[in-house]
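Coordinates as given in work.tsv (TSV, C-alpha atoms (C1' of nucleotides)):
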chain	number	residue	atom	x	y	z
U	2	MET	CA	-34.62	-0.87	39.18
U	3	GLN	CA	-36.07	-1.53	35.74
U	4	ASN	CA	-35.95	-5.15	34.59
U	5	HIS	CA	-35.02	-5.95	31.01
U	6	LEU	CA	-35.71	-8.97	28.86
U	7	ILE	CA	-33.23	-9.24	26.03
U	8	VAL	CA	-34.81	-11.19	23.18
U	9	PHE	CA	-31.94	-12.70	21.25
U	10	THR	CA	-33.06	-14.32	18.05
U	11	GLY	CA	-32.39	-14.95	14.36
U	12	PRO	CA	-32.61	-17.74	11.81
U	13	THR	CA	-31.55	-21.29	12.61
U	14	GLY	CA	-27.85	-21.89	12.30
U	15	ILE	CA	-26.85	-18.23	12.58
U	16	GLY	CA	-24.99	-18.70	15.87
U	17	LYS	CA	-27.45	-17.62	18.55
U	18	THR	CA	-26.21	-20.18	21.05
U	19	LYS	CA	-22.57	-19.14	20.97
U	20	THR	CA	-23.09	-15.38	20.95
U	21	GLY	CA	-25.93	-15.67	23.44
U	22	ILE	CA	-23.64	-17.34	25.93
U	23	GLN	CA	-21.02	-14.62	25.54
U	24	ILE	CA	-23.65	-11.99	26.25
U	25	ALA	CA	-25.17	-13.87	29.18
U	26	ARG	CA	-21.75	-14.28	30.73
U	27	TYR	CA	-20.96	-10.62	30.31
U	28	PHE	CA	-24.14	-9.65	32.13
U	29	ASN	CA	-23.74	-12.53	34.56
U	30	THR	CA	-27.28	-13.73	33.93
U	31	GLU	CA	-29.18	-16.82	32.77
U	32	ILE	CA	-30.56	-17.93	29.43
U	33	VAL	CA	-34.20	-18.78	28.87
U	34	SER	CA	-34.39	-20.85	25.70
U	35	ALA	CA	-37.19	-20.02	23.27
U	36	ASP	CA	-36.89	-23.07	21.11
U	37	SER	CA	-39.88	-25.31	20.53
U	38	ARG	CA	-37.73	-28.39	19.83
U	39	GLN	CA	-34.72	-28.04	22.12
U	40	ILE	CA	-37.25	-28.23	24.91
U	41	TYR	CA	-37.63	-31.98	24.35
U	42	ARG	CA	-35.26	-34.31	26.12
U	43	GLU	CA	-35.59	-37.11	23.56
U	44	MET	CA	-33.99	-35.03	20.81
U	45	THR	CA	-30.38	-33.93	21.03
U	46	ILE	CA	-28.41	-34.01	17.81
U	47	GLY	CA	-31.13	-32.88	15.43
U	48	THR	CA	-32.14	-29.90	17.54
U	49	ALA	CA	-28.56	-28.68	18.00
U	50	ILE	CA	-28.88	-28.07	21.71
U	51	PRO	CA	-25.94	-26.30	23.36
U	52	ASP	CA	-23.10	-28.71	24.18
U	53	THR	CA	-22.08	-29.64	27.72
U	54	GLU	CA	-19.44	-26.94	27.93
U	55	GLU	CA	-21.94	-24.32	26.82
U	56	LEU	CA	-24.57	-25.55	29.23
U	57	ASN	CA	-22.05	-25.37	32.04
U	58	ALA	CA	-20.95	-21.87	31.11
U	59	VAL	CA	-24.38	-20.33	31.69
U	60	LYS	CA	-27.49	-21.61	33.38
U	61	HIS	CA	-30.06	-22.53	30.71
U	62	HIS	CA	-33.79	-22.99	31.09
U	63	PHE	CA	-36.09	-25.03	28.85
U	64	ILE	CA	-33.35	-27.17	27.36
U	65	GLN	CA	-34.56	-30.79	27.32
U	66	THR	CA	-36.94	-30.19	30.16
U	67	HIS	CA	-40.04	-31.75	28.60
U	68	SER	CA	-40.93	-34.99	26.90
U	69	ILE	CA	-42.12	-35.44	23.35
U	70	ASN	CA	-44.86	-37.60	24.82
U	71	ASP	CA	-46.36	-34.67	26.71
U	72	PHE	CA	-48.70	-32.15	25.19
U	73	TYR	CA	-47.03	-28.80	24.81
U	74	ASN	CA	-47.72	-25.54	23.03
U	75	ALA	CA	-46.98	-21.84	22.93
U	76	SER	CA	-49.46	-21.00	25.65
U	77	ARG	CA	-47.88	-23.36	28.14
U	78	TYR	CA	-44.53	-21.96	27.18
U	79	GLU	CA	-45.80	-18.44	27.81
U	80	ASN	CA	-46.82	-19.34	31.36
U	81	GLU	CA	-43.76	-21.39	32.21
U	82	ALA	CA	-41.30	-18.95	30.65
U	83	LEU	CA	-42.83	-15.94	32.40
U	84	ALA	CA	-42.54	-17.72	35.73
U	85	VAL	CA	-38.88	-18.54	35.15
U	86	ILE	CA	-38.10	-15.04	33.90
U	87	ASP	CA	-39.76	-13.62	36.98
U	88	SER	CA	-37.67	-15.77	39.28
U	89	ILE	CA	-34.42	-14.77	37.57
U	90	PHE	CA	-35.35	-11.12	37.96
U	91	LYS	CA	-35.21	-11.63	41.73
U	92	ALA	CA	-31.42	-11.76	41.49
U	93	ASN	CA	-30.72	-9.97	38.25
U	94	ASN	CA	-32.28	-7.14	36.33
U	95	LEU	CA	-31.49	-8.61	32.93
U	96	VAL	CA	-32.60	-11.92	31.38
U	97	LEU	CA	-31.66	-13.32	28.00
U	98	LEU	CA	-34.36	-15.05	25.95
U	99	VAL	CA	-32.49	-16.99	23.28
U	100	GLY	CA	-34.14	-18.92	20.48
U	101	GLY	CA	-35.76	-18.89	17.09
U	102	SER	CA	-39.31	-20.07	17.71
U	103	MET	CA	-41.25	-17.06	16.53
U	104	LEU	CA	-44.56	-17.87	18.13
U	105	TYR	CA	-42.97	-18.73	21.47
U	106	ILE	CA	-41.12	-15.42	21.54
U	107	ASP	CA	-44.30	-13.64	20.58
U	108	ALA	CA	-46.18	-15.40	23.36
U	109	VAL	CA	-43.67	-14.14	25.93
U	110	CYS	CA	-43.55	-10.59	24.55
U	111	ASN	CA	-47.19	-10.01	23.69
U	112	GLY	CA	-49.10	-12.90	25.17
U	113	ILE	CA	-51.74	-15.03	23.54
U	114	ASP	CA	-55.41	-15.25	24.30
U	115	ILE	CA	-56.71	-17.50	27.00
U	116	MET	CA	-58.64	-20.43	25.62
U	117	PRO	CA	-58.95	-24.11	26.40
U	118	ASP	CA	-56.44	-26.68	25.20
U	119	ALA	CA	-57.51	-28.56	22.13
U	120	ASP	CA	-59.19	-31.87	22.79
U	121	PRO	CA	-57.28	-34.70	21.11
U	122	GLU	CA	-60.47	-36.62	20.33
U	123	ILE	CA	-62.06	-33.67	18.57
U	124	ARG	CA	-58.89	-33.03	16.62
U	125	LYS	CA	-58.77	-36.66	15.57
U	126	MET	CA	-62.37	-36.51	14.43
U	127	LEU	CA	-61.78	-33.33	12.41
U	128	LYS	CA	-58.69	-34.80	10.81
U	129	LYS	CA	-60.68	-37.81	9.75
U	130	LYS	CA	-63.33	-35.55	8.32
U	131	LEU	CA	-60.69	-33.65	6.38
U	132	GLU	CA	-59.39	-36.90	5.00
U	133	ASN	CA	-62.78	-38.31	4.07
U	134	GLU	CA	-64.76	-35.27	3.03
U	135	GLY	CA	-62.10	-32.73	2.15
U	136	LEU	CA	-61.34	-29.21	3.22
U	137	GLU	CA	-64.52	-27.83	1.72
U	138	SER	CA	-66.65	-29.63	4.27
U	139	LEU	CA	-64.59	-28.20	7.15
U	140	ARG	CA	-64.96	-24.75	5.65
U	141	PHE	CA	-68.70	-25.23	5.45
U	142	GLN	CA	-68.82	-26.19	9.11
U	143	LEU	CA	-66.69	-23.21	10.10
U	144	LYS	CA	-68.91	-20.84	8.16
U	145	LYS	CA	-71.81	-21.99	10.30
U	146	LEU	CA	-70.00	-22.06	13.65
U	147	ASP	CA	-67.86	-18.95	13.29
U	148	PRO	CA	-68.71	-16.75	10.30
U	149	ASP	CA	-66.45	-13.96	11.59
U	150	TYR	CA	-63.35	-16.09	11.62
U	151	TYR	CA	-64.41	-17.71	8.35
U	152	SER	CA	-64.17	-14.32	6.69
U	153	GLN	CA	-60.62	-13.72	7.99
U	154	VAL	CA	-58.95	-17.09	7.97
U	155	ASP	CA	-56.78	-18.48	5.20
U	156	LEU	CA	-59.36	-20.87	3.79
U	157	LYS	CA	-56.70	-23.04	2.19
U	158	ASN	CA	-54.93	-23.75	5.46
U	159	PRO	CA	-56.37	-26.89	7.05
U	160	ASN	CA	-54.55	-26.41	10.38
U	161	ARG	CA	-56.12	-23.02	10.95
U	162	ILE	CA	-59.60	-24.23	10.08
U	163	ILE	CA	-59.27	-27.32	12.23
U	164	HIS	CA	-58.09	-25.29	15.18
U	165	ALA	CA	-60.97	-22.84	14.93
U	166	LEU	CA	-63.40	-25.73	14.68
U	167	GLU	CA	-61.98	-27.66	17.60
U	168	ILE	CA	-62.23	-24.64	19.89
U	169	SER	CA	-65.71	-23.80	18.66
U	170	LEU	CA	-66.92	-27.37	19.10
U	171	LEU	CA	-65.29	-27.78	22.48
U	172	THR	CA	-66.65	-24.58	24.01
U	173	GLY	CA	-69.87	-24.10	22.08
U	174	LYS	CA	-68.71	-20.55	21.38
U	175	PRO	CA	-67.15	-19.25	18.19
U	176	TYR	CA	-63.36	-19.42	18.12
U	177	SER	CA	-63.18	-15.73	17.21
U	178	SER	CA	-64.86	-14.80	20.50
U	179	PHE	CA	-61.64	-15.88	22.25
U	180	ARG	CA	-59.45	-13.78	20.03
U	181	SER	CA	-58.82	-10.33	21.43
U	182	ASN	CA	-55.36	-9.63	20.04
U	183	PRO	CA	-53.97	-9.50	23.55
U	184	ASN	CA	-50.83	-7.36	23.52
U	185	LYS	CA	-50.44	-7.85	27.24
U	186	THR	CA	-48.14	-5.43	29.02
U	187	ARG	CA	-45.23	-7.04	30.80
U	188	PRO	CA	-43.58	-5.89	34.02
U	189	PHE	CA	-40.24	-5.57	32.23
U	190	SER	CA	-38.88	-3.77	29.19
U	191	ILE	CA	-38.09	-5.77	26.08
U	192	ILE	CA	-35.06	-5.22	23.91
U	193	LYS	CA	-34.98	-7.25	20.73
U	194	ILE	CA	-31.72	-8.27	19.09
U	195	GLY	CA	-31.78	-10.15	15.78
U	196	LEU	CA	-28.83	-11.88	14.17
U	197	ASN	CA	-28.50	-12.10	10.42
U	198	CYS	CA	-25.78	-12.39	7.82
U	199	ASN	CA	-25.31	-12.73	4.10
U	200	ARG	CA	-27.73	-15.36	2.80
U	201	ASN	CA	-25.09	-17.48	1.04
U	202	LYS	CA	-23.05	-17.58	4.20
U	203	LEU	CA	-26.10	-18.62	6.20
U	204	HIS	CA	-26.81	-21.42	3.72
U	205	ASP	CA	-23.21	-22.61	3.94
U	206	ARG	CA	-23.47	-22.71	7.71
U	207	ILE	CA	-26.74	-24.60	7.59
U	208	ASN	CA	-25.48	-27.15	5.09
U	209	ALA	CA	-22.32	-27.70	7.10
U	210	ARG	CA	-24.27	-28.05	10.32
U	211	VAL	CA	-26.51	-30.73	8.81
U	212	ASP	CA	-23.43	-32.67	7.71
U	213	GLN	CA	-22.08	-32.39	11.26
U	214	MET	CA	-25.37	-33.69	12.66
U	215	ILE	CA	-25.19	-36.69	10.37
U	216	ASP	CA	-21.58	-37.33	11.41
U	217	ALA	CA	-22.63	-37.03	15.05
U	218	GLY	CA	-25.20	-39.81	14.60
U	219	LEU	CA	-28.49	-38.12	13.78
U	220	GLU	CA	-29.57	-41.13	11.76
U	221	ASN	CA	-29.29	-43.37	14.78
U	222	GLU	CA	-31.05	-40.88	17.02
U	223	ALA	CA	-33.93	-40.70	14.56
U	224	ARG	CA	-34.07	-44.47	14.20
U	225	ASN	CA	-34.56	-44.82	17.94
U	226	LEU	CA	-37.49	-42.40	17.74
U	227	TYR	CA	-39.01	-43.87	14.62
U	228	HIS	CA	-41.71	-45.72	16.54
U	229	LEU	CA	-42.92	-42.35	17.90
U	230	LYS	CA	-43.00	-40.59	14.57
U	231	HIS	CA	-46.71	-39.82	14.87
U	232	LEU	CA	-45.98	-37.35	17.69
U	233	ASN	CA	-46.15	-33.69	16.81
U	234	ALA	CA	-42.80	-32.99	18.40
U	235	LEU	CA	-41.21	-35.27	15.83
U	236	ASN	CA	-42.80	-33.48	12.92
U	237	THR	CA	-39.50	-31.67	12.80
U	238	VAL	CA	-36.90	-30.92	10.18
U	239	GLY	CA	-34.11	-33.45	10.45
U	240	TYR	CA	-36.33	-36.24	11.73
U	241	ARG	CA	-39.23	-36.37	9.29
U	242	GLU	CA	-36.87	-36.63	6.32
U	243	LEU	CA	-35.01	-39.53	7.93
U	244	PHE	CA	-38.31	-41.20	8.80
U	245	ALA	CA	-39.18	-41.03	5.10
U	246	PHE	CA	-35.86	-42.72	4.37
U	247	PHE	CA	-36.59	-45.46	6.96
U	248	ASN	CA	-39.99	-45.92	5.32
U	249	GLY	CA	-38.31	-46.53	2.00
U	250	GLU	CA	-39.88	-43.42	0.51
U	251	THR	CA	-36.48	-41.99	-0.33
U	252	ASN	CA	-32.81	-42.85	-0.06
U	253	ARG	CA	-30.32	-41.69	2.54
U	254	GLU	CA	-28.54	-39.19	0.34
U	255	LYS	CA	-31.79	-37.56	-0.73
U	256	ALA	CA	-33.04	-37.43	2.83
U	257	ILE	CA	-29.92	-35.53	3.88
U	258	GLU	CA	-30.34	-33.15	0.95
U	259	LEU	CA	-33.95	-32.56	2.01
U	260	ILE	CA	-32.92	-31.84	5.59
U	261	LYS	CA	-30.60	-29.15	4.26
U	262	ARG	CA	-33.24	-27.67	1.98
U	263	ASN	CA	-35.95	-27.67	4.61
U	264	THR	CA	-33.63	-26.12	7.16
U	265	ARG	CA	-32.81	-23.35	4.67
U	266	ARG	CA	-36.51	-22.79	4.10
U	267	TYR	CA	-37.16	-22.71	7.81
U	268	ALA	CA	-34.47	-20.05	8.21
U	269	ARG	CA	-36.12	-18.00	5.47
U	270	LYS	CA	-39.49	-18.31	7.15
U	271	GLN	CA	-38.01	-17.11	10.42
U	272	LEU	CA	-36.46	-14.12	8.68
U	273	THR	CA	-39.80	-13.27	7.09
U	274	TRP	CA	-41.38	-13.19	10.52
U	275	PHE	CA	-38.59	-11.24	12.25
U	276	ARG	CA	-38.29	-8.70	9.42
U	277	ASN	CA	-41.84	-7.75	10.13
U	278	ASP	CA	-40.98	-6.78	13.69
U	279	ASN	CA	-39.82	-3.19	13.62
U	280	GLU	CA	-38.60	-3.40	17.21
U	281	MET	CA	-35.86	-5.74	16.05
U	282	ASN	CA	-32.28	-4.45	16.12
U	283	TRP	CA	-30.09	-6.33	13.68
U	284	PHE	CA	-26.50	-7.43	14.11
U	285	GLU	CA	-24.04	-9.87	12.56
U	286	PRO	CA	-23.28	-12.98	14.63
U	287	GLU	CA	-19.66	-11.90	15.26
U	288	GLN	CA	-20.68	-8.55	16.72
U	289	SER	CA	-20.93	-9.61	20.35
U	290	VAL	CA	-19.04	-6.49	21.47
U	291	GLU	CA	-21.34	-4.19	19.53
U	292	ILE	CA	-24.37	-6.05	20.84
U	293	ILE	CA	-23.21	-5.71	24.45
U	294	ASN	CA	-22.54	-2.01	23.92
U	295	TYR	CA	-25.94	-1.59	22.38
U	296	ILE	CA	-27.66	-3.33	25.30
U	297	GLU	CA	-25.76	-1.26	27.86
U	298	LYS	CA	-26.71	1.92	26.09
U	299	ARG	CA	-30.37	0.92	25.92
U	300	ILE	CA	-30.39	0.02	29.61
U	301	SER	CA	-28.77	3.26	30.71
U	302	ASP	CA	-31.21	5.28	28.57
U	303	LYS	CA	-34.11	4.09	30.65
S	30	G	C1'	-2.44	-30.15	-33.65
S	31	G	C1'	-7.05	-32.31	-36.61
S	32	U	C1'	-12.28	-33.60	-36.74
S	33	A	C1'	-17.13	-33.73	-34.64
S	34	C	C1'	-20.59	-32.03	-31.19
S	35	C	C1'	-22.04	-28.49	-27.49
S	36	A	C1'	-22.50	-23.24	-25.21
S	37	U	C1'	-30.02	-20.53	-23.14
S	38	A	C1'	-32.16	-18.95	-15.50
S	39	G	C1'	-28.11	-20.65	-9.69
S	40	C	C1'	-28.17	-26.23	-11.70
S	41	U	C1'	-30.01	-29.95	-15.44
S	42	C	C1'	-32.07	-29.02	-19.95
S	43	A	C1'	-36.41	-27.63	-23.58
S	44	G	C1'	-37.42	-24.06	-27.41
S	45	U	C1'	-37.76	-20.22	-31.11
S	46	U	C1'	-39.59	-22.93	-39.68
S	47	G	C1'	-35.66	-15.52	-37.82
S	48	G	C1'	-40.34	-11.41	-34.45
S	49	U	C1'	-35.60	-10.96	-27.48
S	50	A	C1'	-37.68	-17.47	-24.27
S	51	G	C1'	-39.89	-21.92	-20.50
S	52	A	C1'	-39.90	-26.67	-17.61
S	53	G	C1'	-38.06	-29.44	-13.30
S	54	C	C1'	-35.05	-28.68	-9.18
S	55	A	C1'	-32.85	-24.85	-6.40
S	56	A	C1'	-33.91	-19.87	-4.97
S	57	C	C1'	-36.87	-15.65	-3.50
S	58	G	C1'	-41.30	-12.93	-1.31
S	59	G	C1'	-45.58	-13.21	1.97
S	60	A	C1'	-49.33	-14.91	5.83
S	61	C	C1'	-49.30	-16.39	10.84
S	62	U	C1'	-52.21	-15.81	18.61
S	63	G	C1'	-52.45	-22.71	21.51
S	64	A	C1'	-49.43	-28.26	16.10
S	65	A	C1'	-45.14	-22.82	15.03
S	66	A	C1'	-38.60	-26.62	13.12
S	67	A	C1'	-46.06	-26.76	12.26
S	68	U	C1'	-49.45	-25.16	8.37
S	69	C	C1'	-50.66	-22.27	4.11
S	70	C	C1'	-50.22	-18.66	-0.16
S	71	G	C1'	-47.46	-16.31	-4.00
S	72	U	C1'	-43.05	-15.14	-7.62
S	73	G	C1'	-39.06	-16.56	-13.52
S	74	U	C1'	-35.01	-14.21	-11.13
S	75	G	C1'	-32.06	-14.19	-18.30
S	76	U	C1'	-26.00	-9.76	-22.03
S	77	C	C1'	-29.97	-16.95	-24.97
S	78	C	C1'	-20.76	-17.26	-24.67
S	79	C	C1'	-18.11	-13.01	-27.52
S	80	U	C1'	-17.22	-10.21	-32.17
S	81	G	C1'	-18.63	-9.33	-36.93
S	82	G	C1'	-21.87	-10.54	-41.40
S	83	U	C1'	-26.75	-11.32	-43.90
S	84	U	C1'	-31.73	-9.26	-42.69
S	85	C	C1'	-36.84	-4.49	-41.57
S	86	A	C1'	-35.59	-7.83	-37.43
S	87	A	C1'	-30.48	-12.65	-35.10
S	88	U	C1'	-30.69	-16.13	-29.08
S	89	U	C1'	-32.02	-18.74	-33.81
S	90	C	C1'	-28.79	-18.47	-40.23
S	91	C	C1'	-23.30	-17.60	-41.79
S	92	A	C1'	-17.96	-16.61	-40.50
S	93	G	C1'	-14.30	-16.01	-36.93
S	94	G	C1'	-12.98	-16.16	-31.78
S	95	U	C1'	-13.26	-18.17	-26.77
S	96	G	C1'	-14.52	-22.17	-23.48
S	97	G	C1'	-16.06	-27.31	-22.83
S	98	U	C1'	-16.76	-32.61	-24.19
S	99	A	C1'	-15.60	-36.82	-27.29
S	100	C	C1'	-12.74	-39.19	-30.87
S	101	C	C1'	-8.27	-39.18	-34.00
S	102	A	C1'	-3.16	-37.99	-33.85

Could you render the structure from this file as structure tokens?
Amino acid sequence: MQNHLIVFTGPTGIGKTKTGIQIARYFNTEIVSADSRQIYREMTIGTAIPDTEELNAVKHHFIQTHSINDFYNASRYENEALAVIDSIFKANNLVLLVGGSMLYIDAVCNGIDIMPDADPEIRKMLKKKLENEGLESLRFQLKKLDPDYYSQVDLKNPNRIIHALEISLLTGKPYSSFRSNPNKTRPFSIIKIGLNCNRNKLHDRINARVDQMIDAGLENEARNLYHLKHLNALNTVGYRELFAFFNGETNREKAIELIKRNTRRYARKQLTWFRNDNEMNWFEPEQSVEIINYIEKRISDK
RNA sequence: GGUACCAUAGCUCAGUUGGUAGAGCAACGGACUGAAAAUCCGUGUGUCCCUGGUUCAAUUCCAGGUGGUACCA
């Protein structure tokens, strides 16, 4: 029997959690979360993890399973998620991948190239160099170490340049030699469902959700994490703005406004990515019946 | 009811000595393979309140209307 991975995604705040649970229950299966922040156990309110009732309704994977103190990235997620998906397929021929982290979804669907983890010391050194000597000097170094990638990369994007350099320095081989554009084939079919709605409505939902997070005590949650703000996992909408407020860089009201704005922008960025994927099948968040019908039809076609 | 002031982008406001307009914020579009809720790039989106008058030409000047604000009744 053919196994199917249902990718269930869409912008933040659209209602993936709720509809995803309805669909998972209908197919009597489990949910693999594809969310790069809900994976951390130290964050709860600001990442809008499913509530207890929702978590009890369907078995979830990758919700608060890792620590913000541990190194994590899309490649690790690829490996761990594939293992979990594989184990669910032993009892069920359909698995739901629910989340909005574009790169994580992409890693599961298409794979990413095998290369070593970045070395924190090298990254630190490169960051210092960026700070002291500027981006131009990193570009110059990249041009020498990996002229191929230099000609393709966005030369204004420090993260990309630093990453290419850290891999090149670590391995002694150009970063581009690791890039093969994998497109791995998976032992299951992939059906992609995207949720979207009218933009104003989405913004209203996002703004309201941020207010709810504040009411639920996000400020306190962030305050307890303030001492760890240097961690990448906390470079996250909802926390960084509050950290700036704790620093005295802004006031509380403005911080909340910024959380709303940055969440809206994040949603737009997600839509930009998903729009580009012509395998995506779009629905409104209320259309759980239509979505289920669509999935059943796709499954029976195979 | 009277008087004064105001009406320009989604919002707050500039501006045009008459030649159809621009800032901030918001918004929108795009890139993306190991930090991805990250990081980076790009884009003014407009019945200049309405109707008429003067003028080669009106968002700009004039009159009236409508709406708003303030003060006086």

Neighbour list for S:U80 as a list in words, cut-off 12 Å, all atoms listed in the file, skip fewer than 3 positions in-chain =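 Everything that qualifies: A92, G93, G94 and U95 of chain S.
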
Dump as an MDAnalysis selection string all residues having an atom at most 8 Å from (-51.1, -17.0, 19.8), computed in the file's coordinates with only C-alpha atoms (C1' of nucleotides).
-> (chainID U and resid 75:76 104 107:108 112:114) or (chainID S and resid 62:63)

Would you mind listing what lies within 9 Å of stretch 269-272 of chain U as an NGL selection string, with all atoms listed in the file counted and same-chain residues fewer than 2 positions away left out?
-> :U and (11-13 or 101-103 or 197 or 264-267 or 274-277)

Using all atoms listed in the file, which of U:Val154, U:Leu6, U:Val33, U:Met44 sits nearest U:Asn94?
->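 Answer, going by the shortest atom-to-atom distance: U:Leu6.
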
Would you mind listing, for every residue of chain U within 9 Å of chain S, the two atoms forming the shortest contact and the distance between them in Å to one decimal, using all atoms listed in the file, sorted by chain and ascending residue number, as CSV?
residue,atom,partner,partner_atom,distance
U:Thr13,CA,S:A66,C1',8.9
U:Asp36,CA,S:A66,C1',8.9
U:Ser37,CA,S:A66,C1',7.6
U:Arg38,CA,S:A66,C1',7.0
U:Thr48,CA,S:A66,C1',8.5
U:Tyr73,CA,S:G63,C1',8.8
U:Asn74,CA,S:G63,C1',5.7
U:Ala75,CA,S:G63,C1',5.7
U:Ser76,CA,S:G63,C1',5.4
U:Arg77,CA,S:G63,C1',8.1
U:Ser102,CA,S:A65,C1',7.0
U:Met103,CA,S:A65,C1',7.1
U:Leu104,CA,S:A65,C1',5.9
U:Tyr105,CA,S:A65,C1',7.9
U:Asp107,CA,S:U62,C1',8.4
U:Ala108,CA,S:U62,C1',7.7
U:Gly112,CA,S:U62,C1',7.8
U:Ile113,CA,S:U62,C1',5.0
U:Asp114,CA,S:U62,C1',6.6
U:Ile115,CA,S:G63,C1',8.7
U:Met116,CA,S:G63,C1',7.8
U:Pro117,CA,S:G63,C1',8.3
U:Asp118,CA,S:G63,C1',6.7
U:Ala119,CA,S:G63,C1',7.8
U:Asp155,CA,S:C69,C1',7.3
U:Leu156,CA,S:C69,C1',8.8
U:Lys157,CA,S:C69,C1',6.4
U:Asn158,CA,S:C69,C1',4.7
U:Pro159,CA,S:U68,C1',7.3
U:Asn160,CA,S:U68,C1',5.6
U:Arg161,CA,S:U68,C1',7.5
U:His164,CA,S:G63,C1',8.9
U:Arg180,CA,S:U62,C1',7.7
U:Asn182,CA,S:U62,C1',7.1
U:Pro183,CA,S:U62,C1',8.2
U:Asn233,CA,S:A64,C1',6.4
U:Ala234,CA,S:A64,C1',8.5
U:Asn236,CA,S:A67,C1',7.5
U:Thr237,CA,S:A66,C1',5.1
U:Val238,CA,S:A66,C1',5.5
U:Gly239,CA,S:A66,C1',8.6
U:Arg262,CA,S:A55,C1',8.9
U:Asn263,CA,S:A66,C1',9.0
U:Thr264,CA,S:A66,C1',7.8
U:Tyr267,CA,S:A66,C1',6.7
U:Thr273,CA,S:G59,C1',7.7
U:Trp274,CA,S:C61,C1',8.5

Tell me, in Å to one decimal, how far atom CA of U:Ser190 is from atom CA of U:Gln3.
-> 7.5 Å

Residue contacts of S:U84 (12 Å, only C-alpha atoms (C1' of nucleotides)) excluding same-chain residues fewer than 4 positions away, as a ChimeraX atom specification | /S:47,90-91

Shell of 7 Å around U:Leu98, all atoms listed in the file, local chain residues under 3 positions omitted, as a list in words | Leu6, Ile7, Val8, Phe9, Ile32, Val33, Ser34 and Ala35 of chain U

Restricting the calculation to all atoms listed in the file, which member of S:U32, S:U49, S:U98, S:U89 is positioned closest to S:G75?
->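 Selected residue with least distance to S:G75: S:U49.
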
From the list S:A102, S:G51, S:C78, S:A86, the nearest residue to S:A36 using all atoms listed in the file is S:C78

Selection: 12 Å around U:Asn225, all atoms listed in the file, excl. self and same-chain fewer than 6 positions, as a list in words =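 The neighbour list is Glu43, Met44, Gly218, Leu219, Leu235, Tyr240, Leu243, Phe244 and Phe247 of chain U.
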
Can you tell me, as number ranges by chain, which residues sit within 9 Å of (-37.9, -41.7, 12.5) in the file's frame, using all atoms listed in the file?
-> U: 220, 222-230, 235, 240-248
